[in-house]
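Only one structure is covered here, and it is reproduced in the block below.
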Number of protein chains: 2
Amino acid sequence: MGRPPKFSRAQVQNAALVLVDQHGLDALTMRNVAAELGTGPMTLYGHVQDRADLEALVVDAVFSEVEIPTPAPDPATRIEDLCVAAWKVLRRHPHAARLTLTRRTDAPSALRLGELLAVELGTTTLTGRRLLVAFRVLLSLIVGSIESDLAPVDPGDDERRVSVTESDYPALAALSASSARTTPEQLFRDTVRAGLVGVLPQASPDNI
Amino acid sequence: MGRPPKFSRAQVQNAALVLVDQHGLDALTMRNVAAELGTGPMTLYGHVQDRADLEALVVDAVFSEVEIPTPAPDPATRIEDLCVAAWKVLRRHPHAARLTLTRRTDAPSALRLGELLAVELGTTTLTGRRLLVAFRVLLSLIVGSIESDLAPVDPGDDERRVSVTESDYPALAALSASSARTTPEQLFRDTVRAGLVGVLPQASPDNI
DNA sequence: TCCCTTTCGGTACGTTGTACGTAAACTACG
DNA sequence: CGTAGTTTACGTACAACGTACCGAAAGGGA
């Protein structure tokens, strides 16, 4: 009974994600989200506990977009596909991805994804500590790659930006040039494959 | 000539890092740092461009603490030691480490560290794309491990926290239990070693 | 119809980053 | 020794933020 809500929690989630995607993380304010929904700031608190909860909602929205790939025959390929799927979604939402890095990701959709990866790894010959290390490696590769790719996400800053091409860091500059010659997805796939080689006994480095 | 500064930029850096270490990231405000130095908020702007610059200063302070390990005979061990050194420092400053994940790390000390890692990798047989992938793998493993370790950094939240031990995520729960049986450092070492196995042809998985 | 429950939304307070203006402290020159 | 010039310090002030509080509005059950 009582007065009917003007919008649902899911609508808050959508509005927040759209706002972050279009105008960056700084635009994620209670007032902006409320305005997007055509209401006052305090109305949000009926659907969301506080600002941290709103951020968690955005993170959850991002991971909810992950589409579980159709299982490949090879276990290694299945794992790789799963990692790439997660990576793709995070790449599609670069601003929101920063939230993923900062917050503890206890969003249900994120946990579900982690569980899926853990289960997939469990179907291999890995057990115990080796299994744990494998999981950490893959998770780290996803998170770390996103972090590396995120670097140029911030616009402007042309003044402050330090040029790596300068002669101070020749090895870094060479790597930077090398990375410019590939697509980010291919680079990530190779990264995950390398990780799998180190982690799965049966994976062979031939196909790199 | 002119009026002498009351404190140096380095003092601002120190005060900011101490503040973050002791009272968390939320305590990193212009006013708090200024108070720590016994002055008004606006005085800071003589030494720091804006808040983002202050954060960059903290990140730089953290990476400046990395002590370059004495080179081991084995290249793989040298690389591993370098990664562990970086990881240790980030672990020593868990709150500041969050800044590292969010901001673009263009701090000179961070670039210097990356350059060192790139140079070290360059002494192996790796070249071109393999070299790039190796670099990305190691960097990702550091960043990703820090992100995983950072999870319980936030205090409180006992209400909101989702228990992974619940039966919803059995595979994750098993991994969580498994990780409780090791020290974080050993887990990170094993993670890096696994990464090296996948990346360096000559590294053998025997010593895991 | 009246009440009870739930949600809406306006007002308001404390805190944040920082633009602006003025006072203060030093050097150099006459 | 004073005066001009230059650099820094710092108080005031404002917009925007998160959110506590509370009356108004809207619908269901008696």
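Chain lettering (A, B, ...) mirrors the order of the structure tokens, residue numbering begins at 1 for each chain separately, and ligand numbering begins at 1 in order of display.
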Using only C-alpha atoms (C1' of nucleotides), what table do you get, as a Markdown table, when you list each residue of chain D with an atom no more than 6 Å from chain A, its nearest pair of atoms, and their distance in Å rounded to one decimal, rows by chain then rising number?
| residue | atom | partner | partner_atom | distance |
| --- | --- | --- | --- | --- |
| D:DA26 | C1' | A:Arg3 | CA | 4.8 |
| D:DG27 | C1' | A:Arg3 | CA | 5.0 |
| D:DG28 | C1' | A:Met1 | CA | 5.3 |
| query | Any idea what's packed within 10 Å of C:DT22, counting only C-alpha atoms (C1' of nucleotides), ignoring anything in its chain fewer than 2 positions away? Could you give it as a PyMOL selection string? | reply | (chain C and resi 20+24) or (chain D and resi 10-11)
Write out as a tab-separated table a residue-level contact list of chain A versus chain B with cut-off 7 Å: for each qualifying residue the closest pair of atoms and the distance in Å to one decimal, counting only C-alpha atoms, rows sorted by chain and residue number upward.
residue	atom	partner	partner_atom	distance
A:Arg98	CA	B:Thr102	CA	5.9
A:Leu101	CA	B:Leu101	CA	6.2
A:Thr102	CA	B:Arg98	CA	6.0
A:Arg104	CA	B:Ala151	CA	5.2
A:Asp106	CA	B:Val162	CA	6.5
A:Glu115	CA	B:Leu172	CA	5.5
A:Ala118	CA	B:Ala171	CA	5.7
A:Val119	CA	B:Ala171	CA	5.9
A:Gly128	CA	B:Ser178	CA	6.8
A:Arg129	CA	B:Ser178	CA	6.8
A:Leu132	CA	B:Leu175	CA	5.8
A:Val133	CA	B:Thr191	CA	5.6
A:Val137	CA	B:Thr191	CA	6.0
A:Leu139	CA	B:Gly144	CA	6.9
A:Ser140	CA	B:Gly144	CA	3.7
A:Leu141	CA	B:Ser140	CA	5.2
A:Val143	CA	B:Gly144	CA	5.4
A:Gly144	CA	B:Ser140	CA	3.7
A:Ser145	CA	B:Ser140	CA	5.8
A:Glu147	CA	B:Leu101	CA	6.8
A:Ala151	CA	B:Arg104	CA	5.2
A:Val162	CA	B:Asp106	CA	6.6
A:Tyr169	CA	B:Glu115	CA	5.9
A:Ala171	CA	B:Ala118	CA	5.7
A:Leu172	CA	B:Glu115	CA	5.5
A:Leu175	CA	B:Leu132	CA	5.8
A:Ser178	CA	B:Gly128	CA	6.8
A:Ser179	CA	B:Leu132	CA	7.0
A:Asp190	CA	B:Val133	CA	6.8
A:Thr191	CA	B:Val133	CA	5.6
A:Ala194	CA	B:Gly198	CA	4.8
A:Gly195	CA	B:Gly198	CA	5.5
A:Leu196	CA	B:Gly198	CA	6.8
A:Val197	CA	B:Gly198	CA	4.6
A:Gly198	CA	B:Gly198	CA	3.6
A:Val199	CA	B:Ala194	CA	5.8
| task | Within chain B, find each residue whose DSSP state, derived from the backbone, is alpha helix (DSSP H), and express the selection as an MDAnalysis selection string. | result | chainID B and resid 9:23 30:36 51:64 75:92 94:102 108:122 128:150 170:179 184:199
| task | Write out as a PyMOL selection string every residue belonging to chain C that has an atom at most 6 Å from any atom of chain A, counting only C-alpha atoms (C1' of nucleotides). | result | chain C and resi 5-7+9
| request: Would you mind reading off the distance between atom CA of B:Val66 and atom CA of B:Ala180, one decimal, in Å? | output: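 Separation between atom CA of B:Val66 and atom CA of B:Ala180: 26.8 Å.
Here atom CA of B:Ser8 and atom C1' of D:DT7 stand 14.4 Å from one another.
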| Between atom CA of B:Ala61 and atom CA of B:His47, what is the spacing in Å? |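 So the two atoms, atom CA of B:His47 and atom CA of B:Ala61, lie 15.3 Å apart.
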| request: Compile the contact shell of D:DA13 as a PyMOL selection string: residues with an atom at most 12 Å away, counting only C-alpha atoms (C1' of nucleotides), same-chain residues fewer than 5 positions apart removed. | output: chain C and resi 18-21
Stretch 10-15 of chain C surroundings by only C-alpha atoms (C1' of nucleotides), 10 Å radius, close-in-sequence under 5 positions cut, as a PDB file with N, CA and C atoms (P, O5', C5', C4', C3', O3' and C1' of nucleotides), in the first residue's frame:
ATOM      1  N   GLY A  40      13.825  15.421  -7.140  1.00  0.00           N
ATOM      2  CA  GLY A  40      14.733  16.103  -6.227  1.00  0.00           C
ATOM      3  C   GLY A  40      15.799  15.170  -5.696  1.00  0.00           C
ATOM      4  N   PRO A  41      16.856  15.747  -5.145  1.00  0.00           N
ATOM      5  CA  PRO A  41      17.981  14.917  -4.695  1.00  0.00           C
ATOM      6  C   PRO A  41      17.579  13.897  -3.633  1.00  0.00           C
ATOM      7  N   MET A  42      16.747  14.296  -2.707  1.00  0.00           N
ATOM      8  CA  MET A  42      16.458  13.430  -1.576  1.00  0.00           C
ATOM      9  C   MET A  42      15.574  12.255  -1.923  1.00  0.00           C
TER      10      MET A  42
ATOM     11  P    DC D  17      27.206  19.091  -7.826  1.00  0.00           P
ATOM     12  O5'  DC D  17      27.465  18.236  -6.505  1.00  0.00           O
ATOM     13  C5'  DC D  17      28.772  17.698  -6.279  1.00  0.00           C
ATOM     14  C4'  DC D  17      28.948  17.389  -4.815  1.00  0.00           C
ATOM     15  C3'  DC D  17      27.874  16.489  -4.233  1.00  0.00           C
ATOM     16  O3'  DC D  17      28.254  15.134  -4.398  1.00  0.00           O
ATOM     17  C1'  DC D  17      28.498  18.258  -2.734  1.00  0.00           C
ATOM     18  P    DG D  18      27.125  14.022  -4.240  1.00  0.00           P
ATOM     19  O5'  DG D  18      27.057  13.867  -2.653  1.00  0.00           O
ATOM     20  C5'  DG D  18      28.132  13.234  -1.978  1.00  0.00           C
ATOM     21  C4'  DG D  18      27.827  13.147  -0.500  1.00  0.00           C
ATOM     22  C3'  DG D  18      26.620  12.279  -0.155  1.00  0.00           C
ATOM     23  O3'  DG D  18      26.874  11.576   1.055  1.00  0.00           O
ATOM     24  C1'  DG D  18      26.241  14.477   0.597  1.00  0.00           C
ATOM     25  P    DT D  19      25.889  10.393   1.460  1.00  0.00           P
ATOM     26  O5'  DT D  19      24.820  11.196   2.361  1.00  0.00           O
ATOM     27  C5'  DT D  19      25.226  11.709   3.615  1.00  0.00           C
ATOM     28  C4'  DT D  19      24.136  12.588   4.208  1.00  0.00           C
ATOM     29  C3'  DT D  19      22.752  11.914   4.347  1.00  0.00           C
ATOM     30  O3'  DT D  19      22.257  12.166   5.650  1.00  0.00           O
ATOM     31  C1'  DT D  19      22.536  14.028   3.442  1.00  0.00           C
ATOM     32  P    DA D  20      22.060  10.947   6.655  1.00  0.00           P
ATOM     33  O5'  DA D  20      21.443  11.646   7.955  1.00  0.00           O
ATOM     34  C5'  DA D  20      22.196  12.654   8.620  1.00  0.00           C
ATOM     35  C4'  DA D  20      21.269  13.726   9.188  1.00  0.00           C
ATOM     36  C3'  DA D  20      19.926  13.197   9.709  1.00  0.00           C
ATOM     37  O3'  DA D  20      19.595  13.875  10.922  1.00  0.00           O
ATOM     38  C1'  DA D  20      19.548  14.830   8.046  1.00  0.00           C
ATOM     39  P    DC D  21      18.362  13.343  11.803  1.00  0.00           P
ATOM     40  O5'  DC D  21      17.191  14.360  11.426  1.00  0.00           O
ATOM     41  C5'  DC D  21      17.461  15.758  11.405  1.00  0.00           C
ATOM     42  C4'  DC D  21      16.274  16.515  10.813  1.00  0.00           C
ATOM     43  C3'  DC D  21      14.895  15.946  11.185  1.00  0.00           C
ATOM     44  O3'  DC D  21      14.149  16.962  11.850  1.00  0.00           O
ATOM     45  C1'  DC D  21      15.032  16.399   8.852  1.00  0.00           C
ATOM     46  P    DC D  22      12.769  16.556  12.615  1.00  0.00           P
ATOM     47  O5'  DC D  22      11.651  17.080  11.609  1.00  0.00           O
ATOM     48  C5'  DC D  22      11.916  18.246  10.835  1.00  0.00           C
ATOM     49  C4'  DC D  22      10.805  18.470   9.830  1.00  0.00           C
ATOM     50  C3'  DC D  22       9.468  17.817  10.206  1.00  0.00           C
ATOM     51  O3'  DC D  22       8.396  18.693   9.879  1.00  0.00           O
ATOM     52  C1'  DC D  22      10.139  17.046   8.086  1.00  0.00           C
ATOM     53  P    DG D  23       7.027  18.581  10.695  1.00  0.00           P
ATOM     54  O5'  DG D  23       5.973  19.091   9.606  1.00  0.00           O
ATOM     55  C5'  DG D  23       6.199  20.340   8.949  1.00  0.00           C
ATOM     56  C4'  DG D  23       5.862  20.227   7.476  1.00  0.00           C
ATOM     57  C3'  DG D  23       4.395  19.860   7.182  1.00  0.00           C
ATOM     58  O3'  DG D  23       3.937  20.607   6.066  1.00  0.00           O
ATOM     59  C1'  DG D  23       5.823  18.298   6.146  1.00  0.00           C
ATOM     60  P    DA D  24       2.405  20.583   5.687  1.00  0.00           P
ATOM     61  O5'  DA D  24       2.443  19.884   4.246  1.00  0.00           O
ATOM     62  C5'  DA D  24       3.245  20.475   3.225  1.00  0.00           C
ATOM     63  C4'  DA D  24       3.208  19.618   1.971  1.00  0.00           C
ATOM     64  C3'  DA D  24       1.800  19.214   1.527  1.00  0.00           C
ATOM     65  O3'  DA D  24       1.729  19.301   0.104  1.00  0.00           O
ATOM     66  C1'  DA D  24       3.097  17.267   1.907  1.00  0.00           C
TER      67       DA D  24
END
